[in-house]
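One file, final09.cif, carrying mmCIF, C-alpha atoms:
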data_upload
loop_
_atom_site.label_atom_id
_atom_site.label_comp_id
_atom_site.auth_asym_id
_atom_site.auth_seq_id
_atom_site.Cartn_x
_atom_site.Cartn_y
_atom_site.Cartn_z
CA MET A 274 2.30 5.00 -3.35
CA GLU A 275 2.62 5.44 0.37
CA MET A 276 2.66 2.19 2.36
CA PRO A 277 0.69 1.62 5.57
CA ILE A 278 2.57 1.70 8.85
CA LEU A 279 2.02 -1.62 10.61
CA LYS A 280 3.31 -2.88 13.93
CA PRO A 281 3.49 -6.60 14.72
CA LEU A 282 1.93 -7.49 18.07
CA PRO A 283 3.48 -10.16 20.30
CA LEU A 284 2.22 -13.71 20.13
CA ALA A 285 0.41 -14.83 23.29
CA THR A 286 3.17 -16.98 24.77
CA ARG A 287 3.95 -15.24 28.05
CA GLU A 288 2.36 -16.50 31.24
CA GLN A 289 0.81 -19.48 29.45
CA GLY A 290 1.13 -23.17 30.09
CA LEU A 291 3.72 -25.10 28.09
CA PHE A 292 1.22 -26.61 25.62
CA THR A 293 -0.45 -23.24 24.98
CA ARG A 294 2.91 -21.51 24.45
CA ILE A 295 3.96 -24.13 21.90
CA LYS A 296 0.57 -24.03 20.15
CA ASN A 297 0.63 -20.22 19.94
CA TRP A 298 4.24 -20.21 18.75
CA LEU A 299 3.64 -22.71 15.97
CA TRP A 300 0.06 -22.06 14.85
CA SER A 301 -1.25 -18.71 16.05
CA PRO A 302 -1.23 -16.01 13.38
CA ARG A 303 0.70 -12.81 13.86
CA VAL A 304 -1.60 -9.84 14.50
CA TRP A 305 -0.65 -6.49 12.99
CA GLU A 306 -1.86 -3.06 14.12
CA LEU A 307 -2.17 -0.03 11.86
CA GLN A 308 -0.16 2.82 13.41
CA ALA A 309 -1.69 5.71 11.44
CA ASN A 310 -4.83 6.24 9.37
CA TYR A 311 -4.26 4.86 5.89
CA ARG A 312 -5.91 6.36 2.81
CA LEU A 313 -6.57 4.87 -0.61
CA TYR A 314 -7.36 7.48 -3.27
CA TRP A 315 -9.64 6.22 -6.04
CA LEU A 316 -8.37 8.43 -8.85
CA GLY A 317 -7.19 7.62 -12.37
CA ALA A 318 -8.35 6.06 -15.59
CA ASP A 319 -8.54 2.41 -14.48
CA VAL A 320 -10.71 2.98 -11.39
CA PRO A 321 -14.12 1.29 -11.18
CA VAL A 322 -16.67 4.01 -11.87
CA GLU A 323 -18.60 3.33 -8.65
CA PHE A 324 -15.47 4.11 -6.57
CA LEU A 325 -14.21 7.05 -8.63
CA GLY A 326 -13.29 10.07 -6.53
CA GLN A 327 -13.72 8.33 -3.17
CA ILE A 328 -11.02 8.34 -0.50
CA TRP A 329 -11.21 5.15 1.55
CA VAL A 330 -9.73 5.19 5.04
CA LEU A 331 -8.55 2.52 7.42
CA PRO A 332 -8.42 3.79 11.02
CA LYS A 333 -5.34 3.90 13.16
CA GLY A 334 -5.53 1.00 15.60
CA PHE A 335 -7.17 -1.43 13.15
CA ARG A 336 -5.83 -4.91 13.86
CA THR A 337 -5.62 -7.77 11.42
CA ASP A 338 -4.13 -11.22 11.16
CA PHE A 339 -4.82 -11.29 7.39
CA ALA A 340 -7.10 -14.27 8.01
CA SER A 341 -9.55 -13.49 5.21
CA SER A 342 -6.89 -14.68 2.76
CA PRO A 343 -6.78 -18.49 3.03
CA ARG A 344 -3.34 -19.53 4.31
CA LEU A 345 -3.35 -22.55 2.05
CA PHE A 346 -2.75 -20.23 -0.92
CA TRP A 347 -0.04 -18.02 0.63
CA PRO A 348 2.90 -20.02 -0.82
CA PHE A 349 1.49 -19.52 -4.32
CA GLY A 350 2.07 -15.75 -4.49
CA MET A 351 -0.96 -14.76 -2.46
CA ASP A 352 0.71 -13.94 0.85
CA PRO A 353 -1.23 -10.90 2.10
CA GLN A 354 1.94 -9.45 3.57
CA GLY A 355 3.48 -9.36 0.07
CA ILE A 356 1.93 -7.97 -3.10
CA LEU A 357 -1.56 -8.24 -1.55
CA LEU A 358 -0.73 -6.21 1.58
CA ILE A 359 -2.87 -3.12 0.88
CA PRO A 360 -5.75 -5.03 -0.76
CA SER A 361 -5.77 -7.50 2.14
CA LEU A 362 -5.94 -4.74 4.76
CA PHE A 363 -9.06 -3.26 3.17
CA HIS A 364 -10.51 -6.72 2.52
CA ASP A 365 -10.08 -7.75 6.16
CA PHE A 366 -11.70 -4.51 7.34
CA GLY A 367 -14.62 -5.07 4.97
CA TYR A 368 -15.06 -8.70 5.99
CA ARG A 369 -14.98 -7.76 9.67
CA HIS A 370 -17.26 -4.72 9.57
CA GLY A 371 -19.39 -5.14 6.46
CA PHE A 372 -18.53 -1.68 5.10
CA PHE A 373 -15.67 0.60 4.15
CA MET A 374 -14.97 4.08 5.50
CA ALA A 375 -14.40 7.15 3.36
CA GLU A 376 -13.65 10.81 3.90
CA ASP A 377 -14.03 14.03 1.99
CA ASN A 378 -11.92 16.10 4.37
CA PRO A 379 -9.47 14.56 6.90
CA ASN A 380 -10.43 17.23 9.46
CA LEU A 381 -14.10 16.15 9.46
CA GLY A 382 -13.56 12.45 10.12
CA ALA A 383 -14.70 9.49 8.07
CA TYR A 384 -18.09 8.06 7.26
CA VAL A 385 -19.46 4.69 6.18
CA VAL A 386 -19.68 3.70 2.52
CA TRP A 387 -20.81 0.45 0.93
CA ALA A 388 -22.55 -0.84 4.08
CA GLY A 389 -24.61 -4.01 3.88
CA GLN A 390 -22.67 -5.58 1.02
CA ASP A 391 -22.11 -9.32 0.72
CA GLN A 392 -18.90 -11.35 0.63
CA THR A 393 -18.66 -11.11 -3.16
CA PHE A 394 -18.55 -7.30 -3.02
CA PHE A 395 -15.54 -7.32 -0.68
CA ASP A 396 -13.80 -10.01 -2.75
CA ASP A 397 -14.36 -7.90 -5.89
CA ALA A 398 -13.07 -4.83 -4.01
CA LEU A 399 -9.87 -6.73 -3.12
CA MET A 400 -9.43 -7.49 -6.82
CA ALA A 401 -9.98 -3.83 -7.81
CA ILE A 402 -7.64 -2.52 -5.08
CA SER A 403 -4.98 -5.01 -6.14
CA LYS A 404 -5.17 -3.81 -9.73
CA LYS A 405 -5.02 -0.17 -8.63
CA VAL A 406 -2.05 -0.45 -6.24
CA ASN A 407 -0.04 -3.07 -8.14
CA GLY A 408 -0.79 -2.03 -11.71
CA MET A 409 -1.66 -5.57 -12.68
CA ALA A 410 -4.73 -7.79 -12.42
CA ALA A 411 -3.19 -11.25 -11.86
CA PRO A 412 -2.65 -11.11 -8.05
CA GLY A 413 -6.20 -9.91 -7.47
CA LEU A 414 -7.67 -12.49 -9.83
CA LEU A 415 -5.75 -15.28 -8.09
CA ALA A 416 -6.81 -13.98 -4.67
CA LYS A 417 -10.45 -13.84 -5.77
CA ALA A 418 -10.24 -17.45 -6.98
CA ALA A 419 -8.72 -18.51 -3.65
CA LEU A 420 -11.44 -16.64 -1.78
CA ALA A 421 -14.09 -18.43 -3.83
CA VAL A 422 -12.68 -21.69 -2.44
CA GLY A 423 -11.89 -20.78 1.17
CA GLY A 424 -13.07 -17.24 1.92
CA TRP A 425 -16.50 -18.34 3.11
CA LEU A 426 -15.00 -19.58 6.39
CA SER A 427 -13.46 -16.18 7.23
CA TRP A 428 -16.69 -14.45 6.15
CA LYS A 429 -18.69 -16.70 8.47
CA GLU A 430 -16.29 -16.24 11.41
CA ALA A 431 -16.36 -12.45 11.02
CA GLY A 432 -20.18 -12.41 11.14
CA LYS A 433 -20.22 -11.60 14.87
CA TYR A 434 -18.11 -8.47 14.24
CA ARG A 435 -20.33 -7.38 11.35
CA ALA A 436 -23.36 -7.76 13.63
CA GLU A 437 -21.73 -5.54 16.29
CA ALA A 438 -20.84 -2.93 13.64
CA ALA A 439 -24.40 -3.04 12.26
CA ASP A 440 -25.75 -2.42 15.78
CA LEU A 441 -23.52 0.65 16.14
CA LEU A 442 -24.58 1.94 12.73
CA SER A 443 -28.26 1.47 13.58
CA GLN A 444 -27.69 3.70 16.63
CA GLY A 445 -26.60 6.59 14.40
CA HIS A 446 -22.81 6.18 14.64
CA GLU A 447 -22.29 6.57 10.92
CA LYS A 448 -21.23 10.12 10.06
CA PRO A 449 -18.75 11.43 10.93
CA TYR A 450 -16.48 9.03 12.79
CA ILE A 451 -13.58 9.87 14.98
CA LEU A 452 -11.25 7.28 13.56
CA GLU A 453 -8.94 6.49 16.46
CA GLY A 454 -10.52 3.81 18.60
CA ASP A 455 -13.61 3.13 16.48
CA PHE A 456 -14.03 -0.16 14.67
CA LYS A 457 -10.83 -2.08 15.38
#

Rewrite the coordinates I just gave you, this time as structure tokens.
Amino acid sequence: MEMPILKPLPLATREQGLFTRIKNWLWSPRVWELQANYRLYWLGADVPVEFLGQIWVLPKGFRTDFASSPRLFWPFGMDPQGILLIPSLFHDFGYRHGFFMAEDNPNLGAYVVWAGQDQTFFDDALMAISKKVNGMAAPGLLAKAALAVGGWLSWKEAGKYRAEAADLLSQGHEKPYILEGDFK
């Protein structure tokens, strides 16, 4: 399986006061930027039937700090930059925008799928993606349990972004997308 190309962005420490530099150094999360469109192909025998045949896409330029995975659980095998990297990328996009993007033909751009779903849908999707990309259910099950405890906070905080995305969708920006620059 091809891995996403991610670039770490600098922490905000330059041209800041001493207290802010120390705070950002010690407690600010690292933000990562996707350097190329990333595709997840829902093919195979163990794919949930509702996703079968879809090609989900994350757009180049999407930025994440993996915040939808509660940091409290990272030391227990649920670090989103480890085995949960790909599931966490899609999960963060879903939490932030309230939908996923799919494509039938890379030359035509992507379109919205699964819009208007609730937090549970995106948590279940993380579990399904984890099983698909890792070939085992345990990491996804553990992540879903952790999200049941602490995911509500990230879901709530991302509400403002979902509202902005819903406004764009209501204006007819749903099919097709030009991926670069849309929905970071």

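Taking all atoms listed in the file into account, A:Ala418 lies nearest to A:Met400 out of the set A:Met400, A:Ala436, A:Val386, A:Ala318.
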
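Evaluated against this file, the PyMOL selection byres ((chain A and resi 430) around 12) yields Ala340, Ser341, Asp365, Tyr368, Arg369, His370, Gly424, Trp425, Leu426, Ser427, Trp428, Lys429, Ala431, Gly432, Lys433, Tyr434, Arg435 and Ala436 of chain A.
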
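Atom CA of A:Ser361 sits 22.6 Å away from atom CA of A:Leu299.
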
> Got a sec to check which residues sit within 7 Å of (-18.6, -6.5, 4.0), counting all atoms listed in the file, and write them as a list in words?
Replying inline: Gly367, Tyr368, Arg369, His370, Gly371, Phe372, Ala388, Gly389, Gln390, Asp391, Gln392 and Phe395 of chain A

>> Running the PyMOL selection byres ((chain A and resi 405) around 12) on this model by hand, what would come out? Give it as a ChimeraX atom specification.
In response: /A:274,313-321,324-325,356-357,359-360,398-404,406-413

> From the list A:Pro277, A:Gly423, A:Leu414, A:Phe373, which residue is nearest A:Val330 when using all atoms listed in the file?
Replying inline: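 Closest to A:Val330 of all the choices is A:Phe373.
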
> Between A:Ala375, A:Leu331, A:Leu420, A:Val385, which has the minimum distance to A:Ile278 (counting all atoms listed in the file)?
Replying inline: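 Among A:Ala375, A:Leu331, A:Leu420, A:Val385, it is A:Leu331 that comes nearest to A:Ile278.
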
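Distance check against A:Ala419 using only C-alpha atoms: of A:Gly382, A:Gly290, A:Gly355, A:Gly350, the minimum falls on A:Gly350.
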
> Which residue, A:Ile328, A:Leu307, A:Val322, A:Leu345, has the smallest gap to A:Asn378 when you use all atoms listed in the file?
Replying inline: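 Checking each candidate against A:Asn378, we get A:Ile328 as the closest.
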
> Quick one, how far is atom CA of A:Glu376 from atom CA of A:Val304?
Replying inline: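 Straight-line distance from atom CA of A:Glu376 to atom CA of A:Val304 works out to 26.2 Å.
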
> In Å, with one decimal, what is the gap from atom CA of A:Asp396 to atom CA of A:Leu282?
Replying inline: 26.2 Å

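Across A:Ser443, A:Thr393, A:Thr337, A:Gln327, the tightest approach to A:Arg312 is made by A:Gln327 when counting only C-alpha atoms.
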
> Which residues, protein or nucleic acid, reach to within 7 Å of (-3.0, 6.6, 9.3) in the file's coordinates when using only C-alpha atoms, and can you give that as JSON, numbers by chain?
Replying inline: {"A": [308, 309, 310, 311, 332, 333]}
